[in-house]
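A quick write-up on the structure given underneath.
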Amino acid sequence: MQTPAARPSIPFALWWMLAAMVVAQAATTVVAAAPAFLIPHMLDREGMSLAAAGLLAGAPNLGLVLSLVAWGAATDRFGERRVILVGLSLTVVVVVASTAVHGFAALGIAFVASGAVSACTNSASGRLITGWFPPERRGLAMGIRQTCQPLGMAVAALGVPPLAEAWGIGAALALGGALSALSLLLCAFAVRDPQRSARAGAVAPGNPYRASSTLVRIHAVSMLLVVPQFALSTFGLVWFTVGFGWSALAAGALVAASQFAGAACRIVVGAWSDRAMSRLGPLRLVAIAGIAALLAAAAFGWAEWAVAAAVAYLVASCVSVADNGLAFTAVAEIAGPAWAGRALGIQNTGQFLAAAAVGPVVGALIGVLGVPAALALAAVTPALAVPLVPKPEAERSLRK
């Protein structure tokens, strides 16, 4: 392990820009997550079947998958500021339009479109961090940026259901639109494109995918590690209410606590990677820890030790999200500024595709074998990821 370099001071303007990015990413997360929290309303008030409501809930993810690489390519070509401002403006317009539509088909189209435009911040915000922050602070900055997903999910969970109950679907969707409009103003004042140089993380002017298999391996690792993350977040509530007889309030509090703990874990692991001067070394250790955490949660579940299972669930949830910032930072640094947007788009696309398979596959396993056995089987994915993590030598040129 290398000796950490002196930690440079970061101007306040960069922290202000990072804060604007977190708000923007959290706002677009609310836009994409809102349909999932509308399921009870669509069942009770709109008369939809569970299958139809579930299909609508997944519609934004389809939009995200279809557009992430395109937004990344646009970022590489036109710069972060332009993509973020145009993308957030389109997000506001699409969300406003979606508040006026009704019916399954119209809502489905609106939700796909909202997911597609809300993807604008994913690659641009990551590329912005690697462009402005020095290597000694990128892990911390990216860890802070990665808190946007749990924060956005928490806002959607707290805000969307009561708004839908009181004023209908349109009002619930307007929450994401209002937050996107706010973030648009913040980004207009705070975001500036960085001056690109060799120090920004360039390792090769050409296609980095042709130079080595490093990026492909990191993409594969992230797809594998996203399985336990979504398995735990999707089925945690069911496990503790049905399996242990907890109240919905108590189980919900545990799941919410795991989201906030996961956000804190992303920051801590990002700072750790800065001090270690490596993203890939900590990424391998996180994958190994994921195996142990999942097996512990499964063991306590089989033993029917509710409190111990809850602690193990909390730890496993933290570990399962700790890899996100590490992999995201490594991809941006290794790809270099000319390819970072597209590489980050590919990174996110792979994760969303893997996440889409978690619900039906893990749900089927739980139906046949139960939650503990499903968690034990989920530990196979980090076990497969460990040997795929590239050696830290792949990123050494970034530390020169």
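FYI, nothing fancy with the structure tokens labels: chains A, B, ... in order, residues from 1 per chain, ligands from 1 as they appear.
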
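Neighbours of Gly243 in chain A closer than or equal to 9 Å, with only C-alpha atoms counted and sequence neighbours fewer than 4 positions away skipped, come out as Val238, Trp239, Gly301, Glu304, Gly370 and Val371 of chain A.
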
Contacts between range 54-67 of chain A and range 106-144 of chain A, please, where a residue of range 106-144 of chain A counts if it comes within 12 Å (with only C-alpha atoms); show its shortest atom pair and distance in Å to one decimal, rows by chain and ascending number, as a Markdown table.
```
| residue | atom | partner | partner_atom | distance |
| --- | --- | --- | --- | --- |
| A:Ala106 | CA | A:Leu56 | CA | 10.3 |
| A:Leu107 | CA | A:Leu56 | CA | 7.4 |
| A:Gly108 | CA | A:Leu56 | CA | 5.6 |
| A:Ile109 | CA | A:Ala59 | CA | 8.0 |
| A:Ala110 | CA | A:Pro60 | CA | 8.6 |
| A:Phe111 | CA | A:Pro60 | CA | 5.1 |
| A:Val112 | CA | A:Gly63 | CA | 4.5 |
| A:Ala113 | CA | A:Gly63 | CA | 6.0 |
| A:Ser114 | CA | A:Pro60 | CA | 6.3 |
| A:Gly115 | CA | A:Pro60 | CA | 4.0 |
| A:Ala116 | CA | A:Gly63 | CA | 4.0 |
| A:Val117 | CA | A:Ser67 | CA | 7.7 |
| A:Ser118 | CA | A:Leu64 | CA | 7.5 |
| A:Ala119 | CA | A:Leu64 | CA | 5.6 |
| A:Cys120 | CA | A:Ser67 | CA | 8.4 |
| A:Thr121 | CA | A:Leu64 | CA | 11.0 |
| A:Asn122 | CA | A:Leu64 | CA | 9.7 |
| A:Ser123 | CA | A:Ser67 | CA | 10.9 |
```

Task: Who sits within 7 Å of range 306-318 of chain A, only C-alpha atoms, same chain under 3 positions skipped, as number ranges by chain - done: A: 229, 232, 244, 258, 261-262, 265, 290, 293-294, 296-297, 300-301, 321-322

Open item on the list: With only C-alpha atoms as the counted atoms, please give the residues lying no more than 6 Å from range 15-18 of chain A, apart from itself and same-chain residues fewer than 3 positions off, as a PyMOL selection string.
Closed with: chain A and resi 12+21+190-191

Would you write out those residues with all heavy atoms, as a tab-separated table (two decimals), in the first residue's frame?
```tsv
chain	number	residue	atom	x	y	z
A	12	PHE	N	-14.22	26.22	-1.14
A	12	PHE	CA	-15.62	26.11	-0.77
A	12	PHE	C	-16.51	25.96	-2.00
A	12	PHE	O	-17.54	25.26	-1.95
A	12	PHE	CB	-16.06	27.36	0.02
A	12	PHE	CG	-17.53	27.40	0.32
A	12	PHE	CD1	-18.07	26.63	1.35
A	12	PHE	CD2	-18.39	28.19	-0.44
A	12	PHE	CE1	-19.42	26.64	1.61
A	12	PHE	CE2	-19.75	28.22	-0.18
A	12	PHE	CZ	-20.27	27.45	0.85
A	21	MET	N	-24.91	18.98	-6.74
A	21	MET	CA	-25.01	17.70	-7.42
A	21	MET	C	-25.81	16.68	-6.61
A	21	MET	O	-26.61	15.92	-7.16
A	21	MET	CB	-23.61	17.14	-7.69
A	21	MET	CG	-22.86	17.78	-8.82
A	21	MET	SD	-23.63	17.42	-10.43
A	21	MET	CE	-24.73	18.81	-10.57
A	190	ALA	N	-24.09	27.01	-9.41
A	190	ALA	CA	-22.94	26.35	-8.80
A	190	ALA	C	-22.06	25.57	-9.77
A	190	ALA	O	-20.85	25.47	-9.56
A	190	ALA	CB	-23.42	25.41	-7.69
A	191	VAL	N	-22.63	24.99	-10.80
A	191	VAL	CA	-21.89	24.04	-11.63
A	191	VAL	C	-21.11	24.75	-12.72
A	191	VAL	O	-21.66	25.58	-13.47
A	191	VAL	CB	-22.85	23.00	-12.25
A	191	VAL	CG1	-22.11	22.12	-13.25
A	191	VAL	CG2	-23.47	22.14	-11.16
```

- [ ] Per DSSP on the backbone, filter range 51-300 of chain A down to the residues in alpha helix (DSSP H) and report them as number ranges by chain.
- [x] A: 51-78, 80-98, 104-118, 120-132, 135-145, 148-167, 169-190, 208-211, 214-238, 248-276, 280-300

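By only C-alpha atoms, and with residues fewer than 3 positions from range 170-175 of chain A along its chain excluded, the set lying at most 6 Å from it is Thr99, Val160, Leu163, Ala164, Trp167 and Ala178 of chain A.
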
Residue selection dump (all heavy atoms) as a JSON list (two decimals), in the first residue's frame:
```
[["chain", "number", "residue", "atom", "x", "y", "z"],
["A", 99, "THR", "N", -48.15, 15.06, -14.88],
["A", 99, "THR", "CA", -49.18, 15.31, -13.87],
["A", 99, "THR", "C", -50.56, 15.48, -14.49],
["A", 99, "THR", "O", -51.56, 15.41, -13.77],
["A", 99, "THR", "CB", -48.84, 16.58, -13.06],
["A", 99, "THR", "OG1", -48.83, 17.72, -13.94],
["A", 99, "THR", "CG2", -47.50, 16.45, -12.36],
["A", 160, "VAL", "N", -44.41, 10.96, -1.32],
["A", 160, "VAL", "CA", -45.31, 10.55, -2.41],
["A", 160, "VAL", "C", -46.63, 9.94, -1.90],
["A", 160, "VAL", "O", -47.71, 10.36, -2.35],
["A", 160, "VAL", "CB", -44.58, 9.58, -3.36],
["A", 160, "VAL", "CG1", -45.56, 8.92, -4.33],
["A", 160, "VAL", "CG2", -43.50, 10.33, -4.12],
["A", 163, "LEU", "N", -49.14, 12.62, -0.42],
["A", 163, "LEU", "CA", -49.59, 13.55, -1.47],
["A", 163, "LEU", "C", -50.60, 12.86, -2.38],
["A", 163, "LEU", "O", -51.61, 13.46, -2.78],
["A", 163, "LEU", "CB", -48.39, 14.05, -2.28],
["A", 163, "LEU", "CG", -47.50, 15.09, -1.60],
["A", 163, "LEU", "CD1", -46.25, 15.36, -2.44],
["A", 163, "LEU", "CD2", -48.27, 16.39, -1.37],
["A", 164, "ALA", "N", -50.34, 11.61, -2.73],
["A", 164, "ALA", "CA", -51.28, 10.87, -3.57],
["A", 164, "ALA", "C", -52.60, 10.65, -2.85],
["A", 164, "ALA", "O", -53.68, 10.74, -3.46],
["A", 164, "ALA", "CB", -50.67, 9.53, -3.98],
["A", 167, "TRP", "N", -54.26, 14.41, -2.69],
["A", 167, "TRP", "CA", -54.57, 15.17, -3.91],
["A", 167, "TRP", "C", -54.41, 14.38, -5.21],
["A", 167, "TRP", "O", -54.59, 14.93, -6.29],
["A", 167, "TRP", "CB", -53.69, 16.42, -3.98],
["A", 167, "TRP", "CG", -54.02, 17.42, -2.92],
["A", 167, "TRP", "CD1", -55.16, 18.17, -2.82],
["A", 167, "TRP", "CD2", -53.22, 17.76, -1.79],
["A", 167, "TRP", "NE1", -55.11, 18.97, -1.70],
["A", 167, "TRP", "CE2", -53.93, 18.74, -1.04],
["A", 167, "TRP", "CE3", -51.97, 17.37, -1.32],
["A", 167, "TRP", "CZ2", -53.43, 19.30, 0.13],
["A", 167, "TRP", "CZ3", -51.48, 17.92, -0.16],
["A", 167, "TRP", "CH2", -52.20, 18.87, 0.55],
["A", 178, "ALA", "N", -40.91, 19.63, -8.61],
["A", 178, "ALA", "CA", -40.54, 20.82, -7.82],
["A", 178, "ALA", "C", -39.09, 20.72, -7.35],
["A", 178, "ALA", "O", -38.33, 21.70, -7.41],
["A", 178, "ALA", "CB", -41.48, 20.96, -6.63]]
```

Task: range 272-274 of chain A surroundings by only C-alpha atoms, 10 Å radius, close-in-sequence under 5 positions cut, as a list in words - done: Pro4, Ala5, Arg7, Pro134, Pro135, Glu136, Arg137, Arg138, Gly139, Leu140, Ala141, Gly143, Arg266, Ile267, Arg279, Leu280, Gly281, Pro282, Leu283, Gly325, Leu326 and Thr329 of chain A

Selection from above, N, CA and C atoms, as a PDB file, in the first residue's frame, can you write it?
```
ATOM      1  N   PRO A   4       0.006   7.758   1.671  1.00  0.00           N
ATOM      2  CA  PRO A   4      -0.899   8.795   1.213  1.00  0.00           C
ATOM      3  C   PRO A   4      -0.176  10.105   0.956  1.00  0.00           C
ATOM      4  N   ALA A   5      -0.554  10.783  -0.124  1.00  0.00           N
ATOM      5  CA  ALA A   5       0.000  12.091  -0.424  1.00  0.00           C
ATOM      6  C   ALA A   5      -0.651  13.126   0.483  1.00  0.00           C
ATOM      7  N   ARG A   7      -2.940  15.852   1.742  1.00  0.00           N
ATOM      8  CA  ARG A   7      -4.331  16.062   1.382  1.00  0.00           C
ATOM      9  C   ARG A   7      -4.545  17.541   1.088  1.00  0.00           C
ATOM     10  N   PRO A 134      -9.214  16.486  -6.730  1.00  0.00           N
ATOM     11  CA  PRO A 134      -7.954  15.755  -6.897  1.00  0.00           C
ATOM     12  C   PRO A 134      -8.116  14.314  -6.445  1.00  0.00           C
ATOM     13  N   PRO A 135      -7.234  13.411  -6.888  1.00  0.00           N
ATOM     14  CA  PRO A 135      -7.361  11.992  -6.520  1.00  0.00           C
ATOM     15  C   PRO A 135      -7.440  11.758  -5.018  1.00  0.00           C
ATOM     16  N   GLU A 136      -6.758  12.607  -4.230  1.00  0.00           N
ATOM     17  CA  GLU A 136      -6.724  12.407  -2.781  1.00  0.00           C
ATOM     18  C   GLU A 136      -8.052  12.728  -2.110  1.00  0.00           C
ATOM     19  N   ARG A 137      -8.994  13.318  -2.834  1.00  0.00           N
ATOM     20  CA  ARG A 137     -10.299  13.651  -2.258  1.00  0.00           C
ATOM     21  C   ARG A 137     -11.470  13.111  -3.078  1.00  0.00           C
ATOM     22  N   ARG A 138     -11.192  12.458  -4.193  1.00  0.00           N
ATOM     23  CA  ARG A 138     -12.279  11.990  -5.058  1.00  0.00           C
ATOM     24  C   ARG A 138     -13.146  10.926  -4.389  1.00  0.00           C
ATOM     25  N   GLY A 139     -12.507  10.017  -3.664  1.00  0.00           N
ATOM     26  CA  GLY A 139     -13.284   8.954  -3.013  1.00  0.00           C
ATOM     27  C   GLY A 139     -14.294   9.521  -2.040  1.00  0.00           C
ATOM     28  N   LEU A 140     -13.861  10.483  -1.221  1.00  0.00           N
ATOM     29  CA  LEU A 140     -14.770  11.133  -0.278  1.00  0.00           C
ATOM     30  C   LEU A 140     -15.879  11.870  -1.024  1.00  0.00           C
ATOM     31  N   ALA A 141     -15.500  12.635  -2.056  1.00  0.00           N
ATOM     32  CA  ALA A 141     -16.494  13.403  -2.811  1.00  0.00           C
ATOM     33  C   ALA A 141     -17.499  12.483  -3.486  1.00  0.00           C
ATOM     34  N   GLY A 143     -18.250   9.448  -2.535  1.00  0.00           N
ATOM     35  CA  GLY A 143     -19.062   8.831  -1.488  1.00  0.00           C
ATOM     36  C   GLY A 143     -20.194   9.744  -1.055  1.00  0.00           C
ATOM     37  N   ARG A 266     -21.133   4.826   2.601  1.00  0.00           N
ATOM     38  CA  ARG A 266     -20.546   5.222   1.315  1.00  0.00           C
ATOM     39  C   ARG A 266     -19.509   6.329   1.521  1.00  0.00           C
ATOM     40  N   ILE A 267     -19.814   7.260   2.412  1.00  0.00           N
ATOM     41  CA  ILE A 267     -18.878   8.356   2.678  1.00  0.00           C
ATOM     42  C   ILE A 267     -17.611   7.822   3.347  1.00  0.00           C
ATOM     43  N   ARG A 279      -8.941   2.474  -5.239  1.00  0.00           N
ATOM     44  CA  ARG A 279     -10.377   2.131  -5.223  1.00  0.00           C
ATOM     45  C   ARG A 279     -10.559   0.613  -5.291  1.00  0.00           C
ATOM     46  N   LEU A 280      -9.680  -0.051  -6.029  1.00  0.00           N
ATOM     47  CA  LEU A 280      -9.875  -1.473  -6.305  1.00  0.00           C
ATOM     48  C   LEU A 280      -9.521  -2.356  -5.113  1.00  0.00           C
ATOM     49  N   GLY A 281      -8.501  -1.963  -4.336  1.00  0.00           N
ATOM     50  CA  GLY A 281      -8.176  -2.736  -3.137  1.00  0.00           C
ATOM     51  C   GLY A 281      -9.333  -2.753  -2.146  1.00  0.00           C
ATOM     52  N   PRO A 282      -9.858  -1.585  -1.758  1.00  0.00           N
ATOM     53  CA  PRO A 282     -11.039  -1.576  -0.889  1.00  0.00           C
ATOM     54  C   PRO A 282     -12.249  -2.257  -1.509  1.00  0.00           C
ATOM     55  N   LEU A 283     -12.400  -2.172  -2.839  1.00  0.00           N
ATOM     56  CA  LEU A 283     -13.536  -2.823  -3.499  1.00  0.00           C
ATOM     57  C   LEU A 283     -13.491  -4.327  -3.285  1.00  0.00           C
ATOM     58  N   GLY A 325     -19.694   3.748  -4.728  1.00  0.00           N
ATOM     59  CA  GLY A 325     -18.817   4.888  -4.957  1.00  0.00           C
ATOM     60  C   GLY A 325     -17.426   4.471  -5.392  1.00  0.00           C
ATOM     61  N   LEU A 326     -16.916   3.359  -4.841  1.00  0.00           N
ATOM     62  CA  LEU A 326     -15.590   2.881  -5.220  1.00  0.00           C
ATOM     63  C   LEU A 326     -15.539   2.534  -6.702  1.00  0.00           C
ATOM     64  N   THR A 329     -16.016   5.688  -8.980  1.00  0.00           N
ATOM     65  CA  THR A 329     -14.808   6.508  -9.051  1.00  0.00           C
ATOM     66  C   THR A 329     -13.744   5.832  -9.899  1.00  0.00           C
TER      67      THR A 329
END
```

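In terms of minimum interatomic distance to Ala26 in chain A, A:Ala154 ranks closest within A:Ile10, A:Ala154, A:Ile129, A:Ala231, counting only C-alpha atoms.
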
Do you know which residues are at most 9 Å from range 338-344 of chain A counting only C-alpha atoms, after dropping those on the same chain fewer than 2 positions away, and could you put them as a PDB file with N, CA, C and O atoms, in the first residue's frame?
```pdb
ATOM      1  N   LEU A  68     -29.083   6.029 -20.433  1.00  0.00           N
ATOM      2  CA  LEU A  68     -27.882   6.332 -19.648  1.00  0.00           C
ATOM      3  C   LEU A  68     -26.631   6.495 -20.511  1.00  0.00           C
ATOM      4  O   LEU A  68     -25.856   7.444 -20.320  1.00  0.00           O
ATOM      5  N   VAL A  69     -26.424   5.595 -21.442  1.00  0.00           N
ATOM      6  CA  VAL A  69     -25.229   5.691 -22.273  1.00  0.00           C
ATOM      7  C   VAL A  69     -25.294   6.932 -23.163  1.00  0.00           C
ATOM      8  O   VAL A  69     -24.287   7.614 -23.382  1.00  0.00           O
ATOM      9  N   ALA A  70     -26.496   7.250 -23.670  1.00  0.00           N
ATOM     10  CA  ALA A  70     -26.647   8.444 -24.510  1.00  0.00           C
ATOM     11  C   ALA A  70     -26.335   9.715 -23.730  1.00  0.00           C
ATOM     12  O   ALA A  70     -25.655  10.616 -24.231  1.00  0.00           O
ATOM     13  N   TRP A  71     -26.815   9.805 -22.492  1.00  0.00           N
ATOM     14  CA  TRP A  71     -26.492  10.963 -21.660  1.00  0.00           C
ATOM     15  C   TRP A  71     -24.990  11.013 -21.376  1.00  0.00           C
ATOM     16  O   TRP A  71     -24.386  12.097 -21.345  1.00  0.00           O
ATOM     17  N   GLY A  72     -24.370   9.859 -21.166  1.00  0.00           N
ATOM     18  CA  GLY A  72     -22.930   9.832 -20.930  1.00  0.00           C
ATOM     19  C   GLY A  72     -22.150  10.315 -22.139  1.00  0.00           C
ATOM     20  O   GLY A  72     -21.189  11.082 -22.013  1.00  0.00           O
ATOM     21  N   ALA A  73     -22.560   9.875 -23.337  1.00  0.00           N
ATOM     22  CA  ALA A  73     -21.902  10.332 -24.563  1.00  0.00           C
ATOM     23  C   ALA A  73     -22.086  11.835 -24.748  1.00  0.00           C
ATOM     24  O   ALA A  73     -21.162  12.544 -25.179  1.00  0.00           O
ATOM     25  N   ALA A  74     -23.276  12.334 -24.441  1.00  0.00           N
ATOM     26  CA  ALA A  74     -23.520  13.778 -24.543  1.00  0.00           C
ATOM     27  C   ALA A  74     -22.624  14.551 -23.580  1.00  0.00           C
ATOM     28  O   ALA A  74     -22.126  15.644 -23.905  1.00  0.00           O
ATOM     29  N   THR A  75     -22.408  13.992 -22.388  1.00  0.00           N
ATOM     30  CA  THR A  75     -21.530  14.649 -21.413  1.00  0.00           C
ATOM     31  C   THR A  75     -20.100  14.724 -21.933  1.00  0.00           C
ATOM     32  O   THR A  75     -19.423  15.747 -21.793  1.00  0.00           O
ATOM     33  N   ASP A  76     -19.624  13.614 -22.516  1.00  0.00           N
ATOM     34  CA  ASP A  76     -18.279  13.621 -23.082  1.00  0.00           C
ATOM     35  C   ASP A  76     -18.140  14.668 -24.190  1.00  0.00           C
ATOM     36  O   ASP A  76     -17.096  15.299 -24.333  1.00  0.00           O
ATOM     37  N   ARG A  77     -19.192  14.857 -24.957  1.00  0.00           N
ATOM     38  CA  ARG A  77     -19.116  15.751 -26.112  1.00  0.00           C
ATOM     39  C   ARG A  77     -19.366  17.216 -25.754  1.00  0.00           C
ATOM     40  O   ARG A  77     -18.669  18.118 -26.235  1.00  0.00           O
ATOM     41  N   ASN A 122     -26.704  11.272 -13.824  1.00  0.00           N
ATOM     42  CA  ASN A 122     -25.891  10.135 -13.372  1.00  0.00           C
ATOM     43  C   ASN A 122     -24.439  10.234 -13.810  1.00  0.00           C
ATOM     44  O   ASN A 122     -23.519  10.248 -12.979  1.00  0.00           O
ATOM     45  N   SER A 123     -24.213  10.252 -15.110  1.00  0.00           N
ATOM     46  CA  SER A 123     -22.831  10.314 -15.606  1.00  0.00           C
ATOM     47  C   SER A 123     -22.226  11.693 -15.412  1.00  0.00           C
ATOM     48  O   SER A 123     -21.046  11.820 -15.072  1.00  0.00           O
ATOM     49  N   ALA A 124     -23.029  12.739 -15.620  1.00  0.00           N
ATOM     50  CA  ALA A 124     -22.489  14.101 -15.554  1.00  0.00           C
ATOM     51  C   ALA A 124     -21.959  14.433 -14.167  1.00  0.00           C
ATOM     52  O   ALA A 124     -20.884  15.035 -14.026  1.00  0.00           O
ATOM     53  N   GLY A 126     -20.882  12.330 -11.830  1.00  0.00           N
ATOM     54  CA  GLY A 126     -19.664  11.574 -11.560  1.00  0.00           C
ATOM     55  C   GLY A 126     -18.473  12.118 -12.316  1.00  0.00           C
ATOM     56  O   GLY A 126     -17.364  12.222 -11.781  1.00  0.00           O
ATOM     57  N   ARG A 127     -18.671  12.490 -13.557  1.00  0.00           N
ATOM     58  CA  ARG A 127     -17.595  13.050 -14.375  1.00  0.00           C
ATOM     59  C   ARG A 127     -17.139  14.407 -13.823  1.00  0.00           C
ATOM     60  O   ARG A 127     -15.963  14.753 -13.886  1.00  0.00           O
ATOM     61  N   THR A 130     -14.705  13.797 -10.836  1.00  0.00           N
ATOM     62  CA  THR A 130     -13.344  13.399 -11.215  1.00  0.00           C
ATOM     63  C   THR A 130     -12.613  14.529 -11.937  1.00  0.00           C
ATOM     64  O   THR A 130     -11.381  14.556 -11.956  1.00  0.00           O
ATOM     65  N   ALA A 202      -6.768  11.364 -16.871  1.00  0.00           N
ATOM     66  CA  ALA A 202      -6.632  10.741 -18.168  1.00  0.00           C
ATOM     67  C   ALA A 202      -5.526   9.697 -18.118  1.00  0.00           C
ATOM     68  O   ALA A 202      -4.445   9.920 -17.632  1.00  0.00           O
ATOM     69  N   ALA A 204      -5.390   7.433 -21.077  1.00  0.00           N
ATOM     70  CA  ALA A 204      -5.176   7.114 -22.480  1.00  0.00           C
ATOM     71  C   ALA A 204      -6.162   7.913 -23.300  1.00  0.00           C
ATOM     72  O   ALA A 204      -7.312   8.049 -22.928  1.00  0.00           O
ATOM     73  N   PRO A 205      -5.704   8.458 -24.446  1.00  0.00           N
ATOM     74  CA  PRO A 205      -6.603   9.239 -25.268  1.00  0.00           C
ATOM     75  C   PRO A 205      -7.580   8.379 -26.063  1.00  0.00           C
ATOM     76  O   PRO A 205      -8.593   8.867 -26.530  1.00  0.00           O
ATOM     77  N   GLY A 206      -7.257   7.107 -26.261  1.00  0.00           N
ATOM     78  CA  GLY A 206      -8.099   6.247 -27.083  1.00  0.00           C
ATOM     79  C   GLY A 206      -9.169   5.537 -26.280  1.00  0.00           C
ATOM     80  O   GLY A 206      -9.426   5.842 -25.120  1.00  0.00           O
ATOM     81  N   ASN A 207      -9.789   4.565 -26.934  1.00  0.00           N
ATOM     82  CA  ASN A 207     -10.847   3.783 -26.316  1.00  0.00           C
ATOM     83  C   ASN A 207     -10.268   2.927 -25.192  1.00  0.00           C
ATOM     84  O   ASN A 207      -9.491   1.999 -25.451  1.00  0.00           O
ATOM     85  N   PRO A 208     -10.639   3.175 -23.931  1.00  0.00           N
ATOM     86  CA  PRO A 208     -10.048   2.406 -22.823  1.00  0.00           C
ATOM     87  C   PRO A 208     -10.503   0.956 -22.792  1.00  0.00           C
ATOM     88  O   PRO A 208      -9.848   0.124 -22.163  1.00  0.00           O
ATOM     89  N   LEU A 215     -12.041  -2.144 -17.251  1.00  0.00           N
ATOM     90  CA  LEU A 215     -13.363  -1.538 -17.109  1.00  0.00           C
ATOM     91  C   LEU A 215     -14.469  -2.579 -17.210  1.00  0.00           C
ATOM     92  O   LEU A 215     -15.444  -2.533 -16.451  1.00  0.00           O
ATOM     93  N   PHE A 328     -17.659   3.411  -9.072  1.00  0.00           N
ATOM     94  CA  PHE A 328     -17.978   4.572  -9.903  1.00  0.00           C
ATOM     95  C   PHE A 328     -16.746   5.462 -10.080  1.00  0.00           C
ATOM     96  O   PHE A 328     -16.446   5.928 -11.190  1.00  0.00           O
ATOM     97  N   VAL A 331     -14.105   3.663 -12.328  1.00  0.00           N
ATOM     98  CA  VAL A 331     -14.475   3.691 -13.744  1.00  0.00           C
ATOM     99  C   VAL A 331     -14.154   5.049 -14.354  1.00  0.00           C
ATOM    100  O   VAL A 331     -13.576   5.142 -15.442  1.00  0.00           O
ATOM    101  N   ALA A 332     -14.535   6.126 -13.671  1.00  0.00           N
ATOM    102  CA  ALA A 332     -14.287   7.463 -14.204  1.00  0.00           C
ATOM    103  C   ALA A 332     -12.800   7.760 -14.320  1.00  0.00           C
ATOM    104  O   ALA A 332     -12.337   8.346 -15.306  1.00  0.00           O
ATOM    105  N   GLU A 333     -12.017   7.347 -13.322  1.00  0.00           N
ATOM    106  CA  GLU A 333     -10.578   7.615 -13.344  1.00  0.00           C
ATOM    107  C   GLU A 333      -9.873   6.815 -14.426  1.00  0.00           C
ATOM    108  O   GLU A 333      -9.016   7.337 -15.144  1.00  0.00           O
ATOM    109  N   ILE A 334     -10.206   5.551 -14.545  1.00  0.00           N
ATOM    110  CA  ILE A 334      -9.529   4.688 -15.510  1.00  0.00           C
ATOM    111  C   ILE A 334      -9.949   5.025 -16.940  1.00  0.00           C
ATOM    112  O   ILE A 334      -9.133   4.971 -17.869  1.00  0.00           O
ATOM    113  N   ALA A 335     -11.214   5.376 -17.140  1.00  0.00           N
ATOM    114  CA  ALA A 335     -11.690   5.714 -18.487  1.00  0.00           C
ATOM    115  C   ALA A 335     -11.061   7.003 -18.990  1.00  0.00           C
ATOM    116  O   ALA A 335     -10.833   7.162 -20.192  1.00  0.00           O
ATOM    117  N   GLY A 336     -10.786   7.953 -18.080  1.00  0.00           N
ATOM    118  CA  GLY A 336     -10.248   9.237 -18.495  1.00  0.00           C
ATOM    119  C   GLY A 336     -11.349  10.173 -18.960  1.00  0.00           C
ATOM    120  O   GLY A 336     -12.481   9.742 -19.233  1.00  0.00           O
ATOM    121  N   ILE A 346     -22.398   3.167 -19.136  1.00  0.00           N
ATOM    122  CA  ILE A 346     -22.386   1.705 -19.236  1.00  0.00           C
ATOM    123  C   ILE A 346     -22.420   1.081 -17.843  1.00  0.00           C
ATOM    124  O   ILE A 346     -23.122   0.083 -17.607  1.00  0.00           O
ATOM    125  N   GLN A 347     -21.663   1.667 -16.910  1.00  0.00           N
ATOM    126  CA  GLN A 347     -21.647   1.180 -15.531  1.00  0.00           C
ATOM    127  C   GLN A 347     -23.051   1.170 -14.928  1.00  0.00           C
ATOM    128  O   GLN A 347     -23.511   0.164 -14.378  1.00  0.00           O
ATOM    129  N   ASN A 348     -23.754   2.297 -15.038  1.00  0.00           N
ATOM    130  CA  ASN A 348     -25.104   2.392 -14.480  1.00  0.00           C
ATOM    131  C   ASN A 348     -26.093   1.488 -15.203  1.00  0.00           C
ATOM    132  O   ASN A 348     -26.982   0.890 -14.578  1.00  0.00           O
ATOM    133  N   THR A 349     -25.949   1.372 -16.520  1.00  0.00           N
ATOM    134  CA  THR A 349     -26.859   0.519 -17.284  1.00  0.00           C
ATOM    135  C   THR A 349     -26.760  -0.925 -16.822  1.00  0.00           C
ATOM    136  O   THR A 349     -27.776  -1.604 -16.620  1.00  0.00           O
TER     137      THR A 349
END
```

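Distances from A:Val358, A:Cys148, A:Met142, A:Ala20 to Val268 in chain A were compared using only C-alpha atoms, and the smallest one belongs to A:Met142.
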